[in-house]
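What's in data07.cif: mmCIF, C-alpha atoms and all ligand atoms
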```
data_structure
loop_
_atom_site.group_PDB
_atom_site.id
_atom_site.type_symbol
_atom_site.label_atom_id
_atom_site.label_comp_id
_atom_site.auth_asym_id
_atom_site.auth_seq_id
_atom_site.Cartn_x
_atom_site.Cartn_y
_atom_site.Cartn_z
ATOM 1 C CA MET U 258 2.981 16.652 7.885
ATOM 2 C CA LYS U 259 0.998 14.342 5.713
ATOM 3 C CA ALA U 260 -0.639 10.967 5.568
ATOM 4 C CA ILE U 261 0.129 9.602 2.132
ATOM 5 C CA VAL U 262 -2.343 6.940 1.120
ATOM 6 C CA LEU U 263 -1.069 4.671 -1.634
ATOM 7 C CA PHE U 264 -4.171 3.310 -3.259
ATOM 8 C CA GLY U 265 -4.490 0.867 -6.154
ATOM 9 C CA PRO U 266 -5.206 -2.722 -7.086
ATOM 10 C CA PRO U 267 -3.101 -5.582 -5.767
ATOM 11 C CA GLY U 268 0.084 -5.683 -7.815
ATOM 12 C CA SER U 269 -0.027 -2.012 -8.766
ATOM 13 C CA GLY U 270 3.300 -1.506 -7.009
ATOM 14 C CA LYS U 271 2.147 0.108 -3.757
ATOM 15 C CA GLY U 272 4.731 -1.775 -1.674
ATOM 16 C CA THR U 273 7.604 -0.956 -4.038
ATOM 17 C CA GLN U 274 6.613 2.708 -4.214
ATOM 18 C CA ALA U 275 6.133 2.928 -0.453
ATOM 19 C CA LYS U 276 9.698 1.704 0.107
ATOM 20 C CA LEU U 277 11.146 4.182 -2.418
ATOM 21 C CA LEU U 278 9.114 7.054 -0.934
ATOM 22 C CA ARG U 279 10.009 6.101 2.641
ATOM 23 C CA ASP U 280 13.687 6.449 1.768
ATOM 24 C CA CYS U 281 13.179 9.874 0.168
ATOM 25 C CA LEU U 282 10.598 11.321 2.606
ATOM 26 C CA GLN U 283 11.992 9.761 5.818
ATOM 27 C CA VAL U 284 8.581 8.775 7.149
ATOM 28 C CA PRO U 285 7.521 5.233 8.060
ATOM 29 C CA HIS U 286 5.933 2.832 5.598
ATOM 30 C CA ILE U 287 2.863 1.188 7.100
ATOM 31 C CA SER U 288 1.625 -1.865 5.206
ATOM 32 C CA THR U 289 -1.440 -3.643 6.590
ATOM 33 C CA GLY U 290 -0.610 -6.690 4.425
ATOM 34 C CA ASP U 291 2.886 -6.924 6.015
ATOM 35 C CA MET U 292 1.442 -6.432 9.514
ATOM 36 C CA LEU U 293 -1.144 -9.164 8.966
ATOM 37 C CA ARG U 294 1.399 -11.606 7.495
ATOM 38 C CA GLU U 295 3.694 -10.909 10.460
ATOM 39 C CA ARG U 296 0.863 -11.692 12.900
ATOM 40 C CA VAL U 297 0.250 -14.999 11.148
ATOM 41 C CA ARG U 298 3.986 -15.837 11.162
ATOM 42 C CA SER U 299 4.329 -14.990 14.847
ATOM 43 C CA GLY U 300 1.327 -17.144 15.828
ATOM 44 C CA ALA U 301 -0.749 -14.167 17.048
ATOM 45 C CA GLU U 302 -3.630 -15.269 14.793
ATOM 46 C CA ASN U 303 -3.623 -18.991 15.672
ATOM 47 C CA GLY U 304 -7.151 -20.329 15.388
ATOM 48 C CA SER U 305 -8.475 -17.151 13.787
ATOM 49 C CA PRO U 306 -9.632 -16.877 10.145
ATOM 50 C CA VAL U 307 -6.925 -14.328 9.255
ATOM 51 C CA ALA U 308 -4.453 -16.821 7.736
ATOM 52 C CA ALA U 309 -7.179 -18.328 5.537
ATOM 53 C CA LYS U 310 -8.270 -14.859 4.418
ATOM 54 C CA LEU U 311 -4.708 -13.954 3.443
ATOM 55 C CA GLN U 312 -4.336 -17.184 1.480
ATOM 56 C CA SER U 313 -7.599 -16.730 -0.379
ATOM 57 C CA GLY U 314 -7.141 -13.008 -1.057
ATOM 58 C CA ALA U 315 -10.308 -12.047 0.849
ATOM 59 C CA LEU U 316 -10.259 -8.952 3.032
ATOM 60 C CA VAL U 317 -9.612 -9.262 6.757
ATOM 61 C CA ARG U 318 -12.283 -7.727 9.002
ATOM 62 C CA ASP U 319 -12.216 -3.956 9.387
ATOM 63 C CA GLU U 320 -12.016 -3.957 13.228
ATOM 64 C CA LEU U 321 -8.680 -5.800 13.220
ATOM 65 C CA VAL U 322 -6.971 -3.727 10.507
ATOM 66 C CA ASN U 323 -8.330 -0.496 11.966
ATOM 67 C CA ARG U 324 -6.907 -1.400 15.369
ATOM 68 C CA LEU U 325 -3.501 -2.323 13.906
ATOM 69 C CA VAL U 326 -3.299 0.980 12.026
ATOM 70 C CA ALA U 327 -4.453 3.032 15.044
ATOM 71 C CA GLU U 328 -1.745 1.417 17.208
ATOM 72 C CA ARG U 329 0.950 1.829 14.593
ATOM 73 C CA ILE U 330 0.310 5.489 13.805
ATOM 74 C CA SER U 331 0.290 6.425 17.466
ATOM 75 C CA GLN U 332 3.973 5.459 17.717
ATOM 76 C CA PRO U 333 6.415 8.386 17.908
ATOM 77 C CA ASP U 334 8.077 7.748 14.531
ATOM 78 C CA ALA U 335 4.729 8.387 12.800
ATOM 79 C CA ALA U 336 4.167 11.795 14.379
ATOM 80 C CA GLN U 337 5.515 13.668 11.322
ATOM 81 C CA GLY U 338 3.504 11.670 8.810
ATOM 82 C CA PHE U 339 3.561 8.222 7.216
ATOM 83 C CA ILE U 340 2.859 6.251 4.081
ATOM 84 C CA LEU U 341 -0.117 3.905 4.157
ATOM 85 C CA ASP U 342 0.105 0.942 1.791
ATOM 86 C CA GLY U 343 -2.988 -1.246 1.406
ATOM 87 C CA TYR U 344 -5.139 0.772 3.808
ATOM 88 C CA PRO U 345 -7.905 1.918 3.704
ATOM 89 C CA ARG U 346 -9.485 -0.719 1.482
ATOM 90 C CA THR U 347 -13.151 -0.366 2.450
ATOM 91 C CA ILE U 348 -15.357 2.649 3.023
ATOM 92 C CA ALA U 349 -15.610 1.725 6.720
ATOM 93 C CA GLN U 350 -11.795 1.811 6.967
ATOM 94 C CA ALA U 351 -11.650 5.133 5.104
ATOM 95 C CA GLU U 352 -14.160 6.645 7.535
ATOM 96 C CA TYR U 353 -12.199 5.286 10.491
ATOM 97 C CA LEU U 354 -8.943 6.709 9.113
ATOM 98 C CA GLY U 355 -10.558 10.123 8.688
ATOM 99 C CA GLY U 356 -11.507 10.022 12.372
ATOM 100 C CA LEU U 357 -7.909 9.140 13.356
ATOM 101 C CA LEU U 358 -6.275 11.855 11.274
ATOM 102 C CA GLU U 359 -8.547 14.803 11.799
ATOM 103 C CA PRO U 360 -7.669 15.434 15.459
ATOM 104 C CA ARG U 361 -3.958 15.199 14.573
ATOM 105 C CA GLY U 362 -4.300 17.790 11.828
ATOM 106 C CA LEU U 363 -2.816 15.399 9.284
ATOM 107 C CA GLN U 364 -3.831 16.039 5.694
ATOM 108 C CA GLN U 365 -4.522 12.978 3.532
ATOM 109 C CA VAL U 366 -3.045 12.832 0.058
ATOM 110 C CA VAL U 367 -4.288 9.880 -1.931
ATOM 111 C CA VAL U 368 -2.000 8.616 -4.692
ATOM 112 C CA TYR U 369 -3.945 6.269 -6.933
ATOM 113 C CA LEU U 370 -1.728 3.888 -8.900
ATOM 114 C CA SER U 371 -3.756 2.710 -11.859
ATOM 115 C CA VAL U 372 -2.487 -0.317 -13.780
ATOM 116 C CA ASN U 373 -4.044 -2.519 -16.446
ATOM 117 C CA TYR U 374 -5.179 -5.843 -14.896
ATOM 118 C CA ASN U 375 -3.501 -7.987 -17.579
ATOM 119 C CA ILE U 376 -0.168 -6.400 -16.662
ATOM 120 C CA ILE U 377 -0.916 -7.048 -12.981
ATOM 121 C CA ILE U 378 -1.552 -10.754 -13.512
ATOM 122 C CA VAL U 379 1.721 -11.246 -15.402
ATOM 123 C CA ARG U 380 3.577 -9.190 -12.792
ATOM 124 C CA LEU U 381 2.244 -10.962 -9.712
ATOM 125 C CA CYS U 382 2.832 -14.434 -11.139
ATOM 126 C CA ALA U 383 6.526 -13.458 -11.472
ATOM 127 C CA ARG U 384 6.805 -11.855 -7.993
ATOM 128 C CA ARG U 385 9.154 -13.220 -5.361
ATOM 129 C CA GLN U 386 9.902 -11.950 -1.846
ATOM 130 C CA CYS U 387 12.680 -12.517 0.650
ATOM 131 C CA PRO U 388 11.019 -14.111 3.706
ATOM 132 C CA VAL U 389 13.542 -12.433 6.023
ATOM 133 C CA CYS U 390 14.079 -8.823 4.868
ATOM 134 C CA GLY U 391 10.925 -8.470 2.769
ATOM 135 C CA THR U 392 12.731 -7.259 -0.378
ATOM 136 C CA LEU U 393 10.573 -7.749 -3.471
ATOM 137 C CA TYR U 394 11.850 -9.128 -6.773
ATOM 138 C CA ASN U 395 10.273 -9.849 -10.103
ATOM 139 C CA MET U 396 11.657 -12.726 -12.148
ATOM 140 C CA VAL U 397 10.916 -10.802 -15.373
ATOM 141 C CA SER U 398 11.759 -7.179 -14.603
ATOM 142 C CA GLN U 399 13.821 -7.143 -11.385
ATOM 143 C CA ALA U 400 15.452 -10.549 -11.067
ATOM 144 C CA PRO U 401 17.927 -11.209 -8.241
ATOM 145 C CA LYS U 402 21.601 -11.589 -9.211
ATOM 146 C CA VAL U 403 21.543 -15.289 -8.252
ATOM 147 C CA ASP U 404 18.425 -17.180 -9.292
ATOM 148 C CA GLU U 405 15.780 -17.321 -6.511
ATOM 149 C CA VAL U 406 18.178 -15.945 -3.850
ATOM 150 C CA CYS U 407 17.934 -12.579 -2.050
ATOM 151 C CA ASP U 408 20.708 -10.157 -3.096
ATOM 152 C CA LEU U 409 20.793 -8.598 0.365
ATOM 153 C CA ASP U 410 20.928 -11.557 2.757
ATOM 154 C CA GLY U 411 21.223 -14.720 0.653
ATOM 155 C CA HIS U 412 17.939 -16.300 1.798
ATOM 156 C CA ALA U 413 15.911 -18.401 -0.658
ATOM 157 C CA LEU U 414 13.114 -16.290 -2.148
ATOM 158 C CA MET U 415 9.460 -17.248 -1.670
ATOM 159 C CA ILE U 416 6.304 -17.002 -3.736
ATOM 160 C CA ARG U 417 3.422 -15.560 -1.703
ATOM 161 C CA GLU U 418 0.561 -18.022 -1.414
ATOM 162 C CA ASP U 419 -1.838 -15.423 -2.778
ATOM 163 C CA ASP U 420 0.258 -14.841 -5.914
ATOM 164 C CA ARG U 421 -1.294 -17.793 -7.792
ATOM 165 C CA GLU U 422 -3.295 -16.785 -10.851
ATOM 166 C CA ASP U 423 -6.701 -17.938 -9.531
ATOM 167 C CA VAL U 424 -6.138 -16.111 -6.236
ATOM 168 C CA ILE U 425 -4.891 -13.007 -8.057
ATOM 169 C CA ARG U 426 -8.174 -12.898 -10.012
ATOM 170 C CA ASP U 427 -10.128 -13.185 -6.734
ATOM 171 C CA ARG U 428 -8.056 -10.363 -5.217
ATOM 172 C CA LEU U 429 -8.781 -8.144 -8.217
ATOM 173 C CA ALA U 430 -12.513 -8.952 -7.940
ATOM 174 C CA ALA U 431 -12.451 -8.075 -4.209
ATOM 175 C CA TYR U 432 -10.685 -4.825 -5.106
ATOM 176 C CA ASP U 433 -13.297 -3.923 -7.751
ATOM 177 C CA GLU U 434 -16.157 -4.628 -5.406
ATOM 178 C CA GLN U 435 -14.940 -3.343 -2.044
ATOM 179 C CA SER U 436 -12.048 -0.970 -2.684
ATOM 180 C CA MET U 437 -12.861 0.935 -5.888
ATOM 181 C CA PRO U 438 -15.836 2.665 -4.167
ATOM 182 C CA VAL U 439 -13.319 4.049 -1.643
ATOM 183 C CA LEU U 440 -11.935 6.324 -4.380
ATOM 184 C CA ASP U 441 -15.321 8.024 -4.755
ATOM 185 C CA TYR U 442 -15.552 8.238 -0.987
ATOM 186 C CA PHE U 443 -12.172 10.038 -0.831
ATOM 187 C CA ARG U 444 -13.296 12.518 -3.467
ATOM 188 C CA SER U 445 -16.630 13.175 -1.797
ATOM 189 C CA ALA U 446 -14.867 13.668 1.560
ATOM 190 C CA GLY U 447 -12.756 16.399 -0.081
ATOM 191 C CA HIS U 448 -9.408 14.547 -0.130
ATOM 192 C CA GLN U 449 -7.199 15.062 -3.135
ATOM 193 C CA VAL U 450 -6.866 11.984 -5.321
ATOM 194 C CA GLN U 451 -3.806 12.092 -7.571
ATOM 195 C CA GLU U 452 -3.895 9.441 -10.272
ATOM 196 C CA VAL U 453 -0.620 8.036 -11.576
ATOM 197 C CA THR U 454 -0.767 5.670 -14.531
ATOM 198 C CA ALA U 455 1.825 3.075 -13.661
ATOM 199 C CA ASP U 456 1.410 0.540 -16.475
ATOM 200 C CA ASP U 457 4.874 -0.036 -17.831
ATOM 201 C CA LEU U 458 7.158 2.525 -16.239
ATOM 202 C CA PRO U 459 10.178 1.545 -14.153
ATOM 203 C CA PRO U 460 9.516 1.929 -10.392
ATOM 204 C CA GLU U 461 12.051 4.771 -10.006
ATOM 205 C CA GLU U 462 10.275 6.796 -12.660
ATOM 206 C CA ILE U 463 6.901 6.299 -10.999
ATOM 207 C CA ALA U 464 8.436 7.336 -7.663
ATOM 208 C CA ARG U 465 9.782 10.508 -9.306
ATOM 209 C CA LYS U 466 6.297 11.316 -10.593
ATOM 210 C CA ILE U 467 4.828 10.793 -7.120
ATOM 211 C CA CYS U 468 7.499 12.950 -5.468
ATOM 212 C CA GLY U 469 6.746 15.705 -8.014
ATOM 213 C CA ILE U 470 3.055 15.530 -7.139
ATOM 214 C CA LEU U 471 3.792 15.642 -3.412
ATOM 215 C CA GLU U 472 6.173 18.605 -3.763
ATOM 216 C CA ASN U 473 3.636 20.498 -5.838
ATOM 217 C CA ASN U 474 1.035 19.721 -3.268
ATOM 218 C CA ALA U 475 3.235 20.992 -0.413
ATOM 219 C CA VAL U 476 3.862 24.278 -2.266
ATOM 220 C CA LYS U 477 0.119 24.714 -2.847
ATOM 221 C CA ALA U 478 -0.618 23.930 0.806
ATOM 222 C CA ASP U 479 1.952 26.587 1.855
ATOM 223 C CA ASP U 480 0.313 29.089 -0.488
ATOM 224 C CA ARG U 481 -3.078 28.329 1.023
ATOM 225 C CA THR U 482 -1.694 28.835 4.541
ATOM 226 C CA GLN U 483 -0.041 32.138 3.576
ATOM 227 C CA ASN U 484 -3.219 33.382 1.885
ATOM 228 C CA ARG U 485 -5.117 32.755 5.083
ATOM 229 C CA ARG U 486 -2.650 34.830 7.137
HETATM 230 P P1 LIG U 501 -1.875 -6.656 -2.237
HETATM 231 O O1 LIG U 501 -2.117 -5.172 -2.205
HETATM 232 O O2 LIG U 501 -0.911 -7.025 -3.301
HETATM 233 O O3 LIG U 501 -3.146 -7.472 -2.233
HETATM 234 P P2 LIG U 501 -1.179 -6.712 0.567
HETATM 235 O O4 LIG U 501 0.085 -7.229 1.133
HETATM 236 O O5 LIG U 501 -1.504 -5.280 0.711
HETATM 237 O O6 LIG U 501 -1.119 -7.134 -0.958
HETATM 238 O O7 LIG U 501 -2.432 -7.526 1.165
HETATM 239 C C1 LIG U 501 -2.431 -8.944 1.250
HETATM 240 C C2 LIG U 501 -3.721 -9.413 1.922
HETATM 241 O O8 LIG U 501 -3.804 -8.869 3.269
HETATM 242 C C3 LIG U 501 -5.025 -8.960 1.271
HETATM 243 O O9 LIG U 501 -5.393 -9.816 0.191
HETATM 244 C C4 LIG U 501 -6.003 -9.064 2.464
HETATM 245 O O10 LIG U 501 -6.337 -10.403 2.738
HETATM 246 C C5 LIG U 501 -5.161 -8.567 3.625
HETATM 247 N N1 LIG U 501 -5.252 -7.101 3.832
HETATM 248 C C6 LIG U 501 -4.260 -6.185 3.651
HETATM 249 N N2 LIG U 501 -4.694 -4.946 3.922
HETATM 250 C C7 LIG U 501 -6.006 -5.059 4.280
HETATM 251 C C8 LIG U 501 -7.002 -4.130 4.641
HETATM 252 N N3 LIG U 501 -6.762 -2.819 4.695
HETATM 253 N N4 LIG U 501 -8.250 -4.614 4.931
HETATM 254 C C9 LIG U 501 -8.514 -5.911 4.885
HETATM 255 N N5 LIG U 501 -7.617 -6.855 4.524
HETATM 256 C C10 LIG U 501 -6.367 -6.443 4.222
#
```
Mind turning the file's structure into structure tokens?
Ligand code: ADP
Amino acid sequence: MKAIVLFGPPGSGKGTQAKLLRDCLQVPHISTGDMLRERVRSGAENGSPVAAKLQSGALVRDELVNRLVAERISQPDAAQGFILDGYPRTIAQAEYLGGLLEPRGLQQVVVYLSVNYNIIIVRLCARRQCPVCGTLYNMVSQAPKVDEVCDLDGHALMIREDDREDVIRDRLAAYDEQSMPVLDYFRSAGHQVQEVTADDLPPEEIARKICGILENNAVKADDRTQNRR
């Protein structure tokens, strides 16, 4: 039973990896970005600053994301563990998460996807997403079979409003300032941080590396439990 925290800059492939890992580990993928976009789409955030924050790449306030995560992980399908994508992103969120997981006895494993920022900018400018099923494409490396159309359901693909180059740079600056310190926080709180350099590898290969790390980690955790007996 584990909480896998996928950590890394915007565009490092957290969403893609989370989907691949969800299929192999059979635990839910919890993306705060997806939850926030869904709230905006459904009208739940009418009149609030959340939509503007999403468009500008600024972080949404901690209280809201913390509440969304607390509600989501208390659902029955998350009892055996889950994959967090895009959360925690501030030290306050990391502290809050620690408080949620400790009483449940869930161990946090942080997988840090590190990618060169120049690669990220090129990648995000080419990103497309199906507005209906959420499948991600990349016009350079993972193009759909028919130009700009989702392979799975035929809907026209969309460019996220925050995938414009100026907004991408702002998102990376927000990450450097507010999220990078979270890595040191994880280490000082005694959580394992496993770094995976994800510059130019195909997603399946990165997922294999992550699965290897997680398996290794499970074996070591078993050893530790047996040694205590
Ligand atoms: P990316 O990781 O590529 O930036 P996400 O879909 O994870 O994409 O996030 C999109 C936007 O949603 C962020 O720029 C931010 O505005 C908001 N958001 C997502 N997760 C959080 C979070 N944990 N705390 C605050 N804001 C968040």
If we count all atoms listed in the file and set the cut-off at 12 Å, which residues sit around Val424 of chain U, ignoring sequence neighbours fewer than 4 positions away in its own chain? Please answer as a PDB file with C-alpha atoms, keeping the file's coordinate frame.
```pdb
ATOM      1  CA  PRO U 267      -3.101  -5.582  -5.767  1.00  0.00           C
ATOM      2  CA  LYS U 310      -8.270 -14.859   4.418  1.00  0.00           C
ATOM      3  CA  LEU U 311      -4.708 -13.954   3.443  1.00  0.00           C
ATOM      4  CA  GLN U 312      -4.336 -17.184   1.480  1.00  0.00           C
ATOM      5  CA  SER U 313      -7.599 -16.730  -0.379  1.00  0.00           C
ATOM      6  CA  GLY U 314      -7.141 -13.008  -1.057  1.00  0.00           C
ATOM      7  CA  ALA U 315     -10.308 -12.047   0.849  1.00  0.00           C
ATOM      8  CA  ILE U 378      -1.552 -10.754 -13.512  1.00  0.00           C
ATOM      9  CA  LEU U 381       2.244 -10.962  -9.712  1.00  0.00           C
ATOM     10  CA  CYS U 382       2.832 -14.434 -11.139  1.00  0.00           C
ATOM     11  CA  ARG U 417       3.422 -15.560  -1.703  1.00  0.00           C
ATOM     12  CA  GLU U 418       0.561 -18.022  -1.414  1.00  0.00           C
ATOM     13  CA  ASP U 419      -1.838 -15.423  -2.778  1.00  0.00           C
ATOM     14  CA  ASP U 420       0.258 -14.841  -5.914  1.00  0.00           C
ATOM     15  CA  ARG U 428      -8.056 -10.363  -5.217  1.00  0.00           C
ATOM     16  CA  LEU U 429      -8.781  -8.144  -8.217  1.00  0.00           C
ATOM     17  CA  ALA U 430     -12.513  -8.952  -7.940  1.00  0.00           C
ATOM     18  CA  ALA U 431     -12.451  -8.075  -4.209  1.00  0.00           C
TER      19      ALA U 431
END
```
Item to complete: Report as an NGL selection string the full result of the PyMOL selection byres (((not hetatm)) within 9 of (chain U and resi 501)) when it is applied to this structure.
Response: :U and (264-272 or 288-294 or 307-319 or 321-323 or 326 or 342-347 or 350 or 381 or 419-420 or 425 or 428-429 or 431-432)
Discussion item. Could you tell me, as a ChimeraX atom specification, exactly which residues end up selected when the PyMOL selection byres (((chain U and resi 354) around 12) and not hetatm) is applied to this structure?
Written reply: /U:260-262,319-320,322-327,330,341,344-353,355-361,363-365,439,443,446
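Minimum distance to Val406 of chain U across U:Leu393, U:Cys387, U:Leu440, U:Cys468 (counting only C-alpha atoms) occurs at U:Cys387.
For the pair atom CA of Ile470 of chain U and atom CA of Gln283 of chain U, the separation is 16.8 Å.
Atom CA of Val368 of chain U is positioned 5.1 Å from atom CA of Leu263 of chain U.
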Practice prompt. For segment 449-465 of chain U, list every protein, DNA or RNA residue within 7 Å, evaluated using all atoms listed in the file, and leave out those in the same chain fewer than 4 positions away; present the list as a VMD selection string.
Written response: chain U and resid 274 277 to 278 366 to 373 444 469
Worksheet item: Between U:Ala301, U:Ala336, U:Cys281, U:Val389, which has the minimum distance to His412 of chain U (counting all atoms listed in the file)?
Response: U:Val389
Once you count all atoms listed in the file, which residues end up no further than 7 Å from (6.8, 13.6, 3.6) in the file's frame, shown as a PDB file with C-alpha atoms, in the coordinates of the input?
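Resulting contents of result_15.pdb:
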```pdb
ATOM      1  CA  MET U 258       2.981  16.652   7.885  1.00  0.00           C
ATOM      2  CA  LYS U 259       0.998  14.342   5.713  1.00  0.00           C
ATOM      3  CA  LEU U 282      10.598  11.321   2.606  1.00  0.00           C
ATOM      4  CA  GLN U 283      11.992   9.761   5.818  1.00  0.00           C
ATOM      5  CA  VAL U 284       8.581   8.775   7.149  1.00  0.00           C
ATOM      6  CA  GLY U 338       3.504  11.670   8.810  1.00  0.00           C
TER       7      GLY U 338
END
```
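The coordinates place atom CA of Arg384 of chain U at 11.6 Å from atom CA of Glu422 of chain U.
Between Arg426 of chain U and the residues U:Lys466, U:Tyr442, U:Arg385, U:Asn375, the shortest atom-to-atom distance, using all atoms listed in the file, involves U:Asn375.
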